[in-house]
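What follows is a short report on a single structure.
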Amino acid sequence: MKDIFDECRFRDLTLKSRIVRTGLWESQKEMGNLSPEIFLRYERLAKNHVGLIVTELISLYAHDRFSDYSHSINNPKFIKEFKYLTEITHENDVPILAQLGFVNCNVNGKQNVDVNDLTLEDIRKIQSDYIVAAKKISFAGFDGIQIAMGNTYYLSKLIDPKENKRRDDYGGNTFKRLKMILEIIKVIKDTTDLHINCRLNASDDVLEIAKLLEKYGADSLQITKPSSPQYFRKDSKDKNILFEITDEIAGSVNIPVILGG
């Protein structure tokens, strides 16, 4: 029988337990840099039976909705500071993934671009920014990257058929709505050794999304709170339905699945 404190394989990583620490954004910062309190927090996590750590949000773009509470991939000190952070976790044999995402799309001199207004040039800009960011994450010593495409982050809107009404190659069926992300995954896999985790919502077509992500190179998934509250209604056994959805996803793919929250 599996136990939460079992050592286990997490695709290409070895975890000391099945406990995964995930985050959203930092609450303590000093002048945009990592504070001593943050380093201490990660050290305590690494020393206390956590199998895998996912960082708080690292913003792909400046002036994002949560930029005051998140790290920036474009901080000149990013690689130097996070190299020290990853060394702390690795000294305790704990792998660490960098959570990367954004809410507001500010590209090519435009602000708050809607998913339906993205030009092909905008799409290529976002993709190239993710790939450059992945290189920085690799240089900083991270074991992998978590692509934030759940909750209300921008990529979740691209996937959502209620939000994405595009009529080109990046809108329509599930594959087309996911295509921009699949292309990002492919290039990151081709150019780095990073483990790729995708944080996604438990949406109506989540099983199809999960299978496509696996097929195109994702190494693991994290299931998180969906946009619709219907998945959080409880059945007669007072069980959160998100548990059942995650079990179903885990039974449909051959990569590890994390239940967050």
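A note on labels: chains of the structure tokens are A, B, ... as shown, every chain counts residues from 1, and ligands are counted from 1 in their shown order.
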Name the residues of range 63-209 of chain A that come out as helix (DSSP H, G or I) in a backbone DSSP run; write them as a PyMOL selection string.
chain A and resi 67-69+78-91+115-117+120-139+154-159+174-191+206-209
Based on the backbone DSSP call, show me all residues of range 7-252 of chain A assigned strand (DSSP E), as a ChimeraX atom specification.
/A:8-10,13-15,20-21,52-54,58-59,71-72,96-101,144-149,195-201,220-224
Near Tyr84 in chain A, within 9 Å and counting only C-alpha atoms, which residues show up once chain neighbours fewer than 3 positions away are dropped, as a ChimeraX atom specification?
/A:39,79-81,87-88,140-141
Go ahead and dump the residues you just picked, N, CA and C atoms, as a tab-separated table (two decimals), in the first residue's frame.
```
chain	number	residue	atom	x	y	z
A	39	PHE	N	14.66	32.68	1.93
A	39	PHE	CA	15.66	31.61	1.94
A	39	PHE	C	15.43	30.67	3.12
A	79	ILE	N	19.14	34.89	-11.81
A	79	ILE	CA	19.93	33.66	-11.86
A	79	ILE	C	20.81	33.54	-10.62
A	80	LYS	N	21.47	34.62	-10.22
A	80	LYS	CA	22.37	34.58	-9.07
A	80	LYS	C	21.62	34.22	-7.79
A	81	GLU	N	20.47	34.89	-7.54
A	81	GLU	CA	19.75	34.67	-6.30
A	81	GLU	C	19.09	33.29	-6.25
A	87	GLU	N	20.41	25.65	-4.60
A	87	GLU	CA	21.47	24.93	-3.89
A	87	GLU	C	21.02	24.53	-2.49
A	88	ILE	N	20.23	25.38	-1.85
A	88	ILE	CA	19.71	25.07	-0.51
A	88	ILE	C	18.84	23.81	-0.55
A	140	ALA	N	19.76	28.75	-13.46
A	140	ALA	CA	19.65	28.99	-12.02
A	140	ALA	C	19.65	27.69	-11.22
A	141	GLY	N	19.71	26.55	-11.90
A	141	GLY	CA	19.84	25.27	-11.21
A	141	GLY	C	18.54	24.57	-10.88
```
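When the distance limit is 7 Å and only C-alpha atoms are what count, the residues near range 247-256 of chain A, minus those fewer than 5 positions from it on the same chain, are Phe10, Arg11, Leu207, Lys211, Asp219, Ser220 and Leu221 of chain A.
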Just C-alpha atoms for this one: save the residues we selected as an mmCIF file, in the first residue's frame.
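To be explicit, this is the file written out as out-v1.cif:
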```cif
data_model
loop_
_atom_site.group_PDB
_atom_site.id
_atom_site.type_symbol
_atom_site.label_atom_id
_atom_site.label_comp_id
_atom_site.auth_asym_id
_atom_site.auth_seq_id
_atom_site.Cartn_x
_atom_site.Cartn_y
_atom_site.Cartn_z
ATOM 1 C CA PHE A 10 8.474 11.421 -10.195
ATOM 2 C CA ARG A 11 9.241 10.762 -13.838
ATOM 3 C CA LEU A 207 -8.994 14.516 -19.623
ATOM 4 C CA LYS A 211 -3.600 13.320 -22.627
ATOM 5 C CA ASP A 219 6.430 15.188 -17.525
ATOM 6 C CA SER A 220 3.776 15.740 -14.835
ATOM 7 C CA LEU A 221 0.533 17.580 -14.104
#
```
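For Ile73 in chain A, the non-local neighbours within 10 Å, defined as residues at least 5 positions apart in the same chain or in other chains and counting only C-alpha atoms, are Leu57, Ile58, Ser59, Leu60, Tyr61, Ala62, Phe78, Ile79, Leu100, Gly101, Asp129, Tyr130, Val132, Ala133, Ala134, Lys136 and Ile137 of chain A.
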Grab the residues selected above and save them as a PDB file, in the first residue's frame with N, CA and C atoms.
```pdb
ATOM      1  N   LEU A  57       5.018  32.100  -7.518  1.00  0.00           N
ATOM      2  CA  LEU A  57       4.959  32.560  -8.906  1.00  0.00           C
ATOM      3  C   LEU A  57       6.166  33.410  -9.288  1.00  0.00           C
ATOM      4  N   ILE A  58       6.717  33.089 -10.441  1.00  0.00           N
ATOM      5  CA  ILE A  58       7.727  33.931 -11.088  1.00  0.00           C
ATOM      6  C   ILE A  58       7.052  34.547 -12.314  1.00  0.00           C
ATOM      7  N   SER A  59       6.921  35.853 -12.320  1.00  0.00           N
ATOM      8  CA  SER A  59       6.180  36.535 -13.387  1.00  0.00           C
ATOM      9  C   SER A  59       6.991  36.602 -14.673  1.00  0.00           C
ATOM     10  N   LEU A  60       6.330  36.264 -15.757  1.00  0.00           N
ATOM     11  CA  LEU A  60       6.979  36.361 -17.061  1.00  0.00           C
ATOM     12  C   LEU A  60       7.080  37.809 -17.513  1.00  0.00           C
ATOM     13  N   TYR A  61       6.094  38.636 -17.086  1.00  0.00           N
ATOM     14  CA  TYR A  61       6.064  40.029 -17.524  1.00  0.00           C
ATOM     15  C   TYR A  61       5.957  40.992 -16.354  1.00  0.00           C
ATOM     16  N   ALA A  62       6.590  42.163 -16.533  1.00  0.00           N
ATOM     17  CA  ALA A  62       6.493  43.223 -15.539  1.00  0.00           C
ATOM     18  C   ALA A  62       5.085  43.834 -15.570  1.00  0.00           C
ATOM     19  N   PHE A  78      18.163  37.556 -11.027  1.00  0.00           N
ATOM     20  CA  PHE A  78      17.368  36.325 -10.946  1.00  0.00           C
ATOM     21  C   PHE A  78      18.243  35.069 -10.865  1.00  0.00           C
ATOM     22  N   ILE A  79      19.139  34.893 -11.814  1.00  0.00           N
ATOM     23  CA  ILE A  79      19.934  33.659 -11.863  1.00  0.00           C
ATOM     24  C   ILE A  79      20.812  33.536 -10.618  1.00  0.00           C
ATOM     25  N   LEU A 100       6.155  29.423 -13.430  1.00  0.00           N
ATOM     26  CA  LEU A 100       6.252  30.574 -14.331  1.00  0.00           C
ATOM     27  C   LEU A 100       4.896  30.854 -14.973  1.00  0.00           C
ATOM     28  N   GLY A 101       4.481  32.111 -14.934  1.00  0.00           N
ATOM     29  CA  GLY A 101       3.200  32.442 -15.552  1.00  0.00           C
ATOM     30  C   GLY A 101       2.953  33.942 -15.580  1.00  0.00           C
ATOM     31  N   ASP A 129       9.431  34.262 -25.233  1.00  0.00           N
ATOM     32  CA  ASP A 129       9.675  34.710 -23.859  1.00  0.00           C
ATOM     33  C   ASP A 129       9.698  33.520 -22.896  1.00  0.00           C
ATOM     34  N   TYR A 130       8.809  32.549 -23.107  1.00  0.00           N
ATOM     35  CA  TYR A 130       8.811  31.345 -22.269  1.00  0.00           C
ATOM     36  C   TYR A 130      10.103  30.551 -22.463  1.00  0.00           C
ATOM     37  N   VAL A 132      13.101  31.663 -23.494  1.00  0.00           N
ATOM     38  CA  VAL A 132      14.210  32.390 -22.876  1.00  0.00           C
ATOM     39  C   VAL A 132      14.151  32.239 -21.356  1.00  0.00           C
ATOM     40  N   ALA A 133      12.937  32.331 -20.801  1.00  0.00           N
ATOM     41  CA  ALA A 133      12.769  32.173 -19.351  1.00  0.00           C
ATOM     42  C   ALA A 133      13.185  30.778 -18.899  1.00  0.00           C
ATOM     43  N   ALA A 134      12.853  29.766 -19.688  1.00  0.00           N
ATOM     44  CA  ALA A 134      13.229  28.390 -19.355  1.00  0.00           C
ATOM     45  C   ALA A 134      14.751  28.247 -19.309  1.00  0.00           C
ATOM     46  N   LYS A 136      16.880  30.631 -18.493  1.00  0.00           N
ATOM     47  CA  LYS A 136      17.301  31.258 -17.241  1.00  0.00           C
ATOM     48  C   LYS A 136      17.036  30.338 -16.053  1.00  0.00           C
ATOM     49  N   ILE A 137      15.883  29.687 -16.070  1.00  0.00           N
ATOM     50  CA  ILE A 137      15.520  28.757 -14.999  1.00  0.00           C
ATOM     51  C   ILE A 137      16.506  27.595 -14.943  1.00  0.00           C
TER      52      ILE A 137
END
```
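A straight line drawn from CA of Ser17 in chain A to CA of Asp3 in chain A is 8.5 Å long.
Atom pair CA of Gln222 in chain A / CA of Gln99 in chain A has a distance of 11.4 Å (rounded to one decimal).
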What's the 12 Å shell around Asn151 in chain A, counting only C-alpha atoms, without same-chain residues fewer than 2 positions away, as a PDB file with C-alpha atoms, in the first residue's frame?
```pdb
ATOM      1  CA  LEU A  24       1.039  31.176  -5.552  1.00  0.00           C
ATOM      2  CA  GLY A 101       3.200  32.442 -15.552  1.00  0.00           C
ATOM      3  CA  PHE A 102       1.383  35.717 -16.072  1.00  0.00           C
ATOM      4  CA  VAL A 103      -2.124  37.161 -15.822  1.00  0.00           C
ATOM      5  CA  ILE A 147       3.817  26.253 -16.592  1.00  0.00           C
ATOM      6  CA  ALA A 148       0.962  28.104 -14.881  1.00  0.00           C
ATOM      7  CA  MET A 149      -2.014  27.427 -17.124  1.00  0.00           C
ATOM      8  CA  TYR A 153      -3.686  32.863 -15.353  1.00  0.00           C
ATOM      9  CA  TYR A 154      -3.563  34.015 -18.969  1.00  0.00           C
ATOM     10  CA  LEU A 155      -2.901  30.623 -20.532  1.00  0.00           C
ATOM     11  CA  SER A 156      -6.016  29.224 -18.805  1.00  0.00           C
ATOM     12  CA  LYS A 157      -8.073  31.690 -20.835  1.00  0.00           C
ATOM     13  CA  ILE A 159      -7.546  26.953 -23.255  1.00  0.00           C
ATOM     14  CA  ASP A 160     -11.080  27.838 -22.129  1.00  0.00           C
ATOM     15  CA  CYS A 198       1.667  21.831 -16.184  1.00  0.00           C
ATOM     16  CA  ARG A 199      -0.698  23.339 -13.617  1.00  0.00           C
ATOM     17  CA  LEU A 200      -4.209  23.166 -15.077  1.00  0.00           C
ATOM     18  CA  ASN A 201      -7.828  23.537 -14.085  1.00  0.00           C
ATOM     19  CA  ALA A 202     -10.230  20.640 -13.657  1.00  0.00           C
ATOM     20  CA  SER A 203     -12.299  21.804 -16.636  1.00  0.00           C
ATOM     21  CA  GLN A 222      -0.940  19.527 -11.208  1.00  0.00           C
ATOM     22  CA  ILE A 223      -4.718  19.750 -10.981  1.00  0.00           C
ATOM     23  CA  THR A 224      -5.998  22.909  -9.368  1.00  0.00           C
ATOM     24  CA  LYS A 225      -9.128  24.930  -8.698  1.00  0.00           C
ATOM     25  CA  PRO A 226     -11.215  25.343 -11.867  1.00  0.00           C
ATOM     26  CA  SER A 227     -12.911  28.500 -13.020  1.00  0.00           C
ATOM     27  CA  SER A 228     -16.341  26.970 -12.454  1.00  0.00           C
ATOM     28  CA  PRO A 229     -17.351  26.386  -8.811  1.00  0.00           C
ATOM     29  CA  GLY A 260      -3.033  20.930  -5.284  1.00  0.00           C
ATOM     30  CA  GLY A 261      -4.919  22.655  -2.511  1.00  0.00           C
TER      31      GLY A 261
END
```
Write out as a PDB file with C-alpha atoms, in the first residue's frame each polymer residue whose atoms come within 7 Å of range 117-123 of chain A, counting only C-alpha atoms; drop sequence neighbours fewer than 3 positions from it.
```pdb
ATOM      1  CA  VAL A 107       3.580  42.265 -25.300  1.00  0.00           C
ATOM      2  CA  ASN A 108       4.882  44.153 -28.335  1.00  0.00           C
ATOM      3  CA  VAL A 113      -4.162  41.962 -24.811  1.00  0.00           C
ATOM      4  CA  ASP A 114      -7.215  39.690 -24.929  1.00  0.00           C
ATOM      5  CA  ILE A 126       5.001  34.906 -25.797  1.00  0.00           C
ATOM      6  CA  GLN A 127       6.473  31.597 -26.928  1.00  0.00           C
TER       7      GLN A 127
END
```
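Here CA of Val20 in chain A stands at a distance of 13.1 Å from CA of Ala98 in chain A.
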Which of A:Arg41, A:Lys135, A:His63, A:Arg124 sits closest to Lys189 in chain A [using only C-alpha atoms]
A:Lys135
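Distance check against Glu56 in chain A using only C-alpha atoms: of A:Glu43, A:Glu26, A:Glu91, A:Asp193, the minimum falls on A:Glu26.
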With only C-alpha atoms as the basis for distance, which of A:Leu194, A:Leu259, A:Ile241, A:Leu182 is at the shortest distance from Lys215 in chain A?
A:Leu182
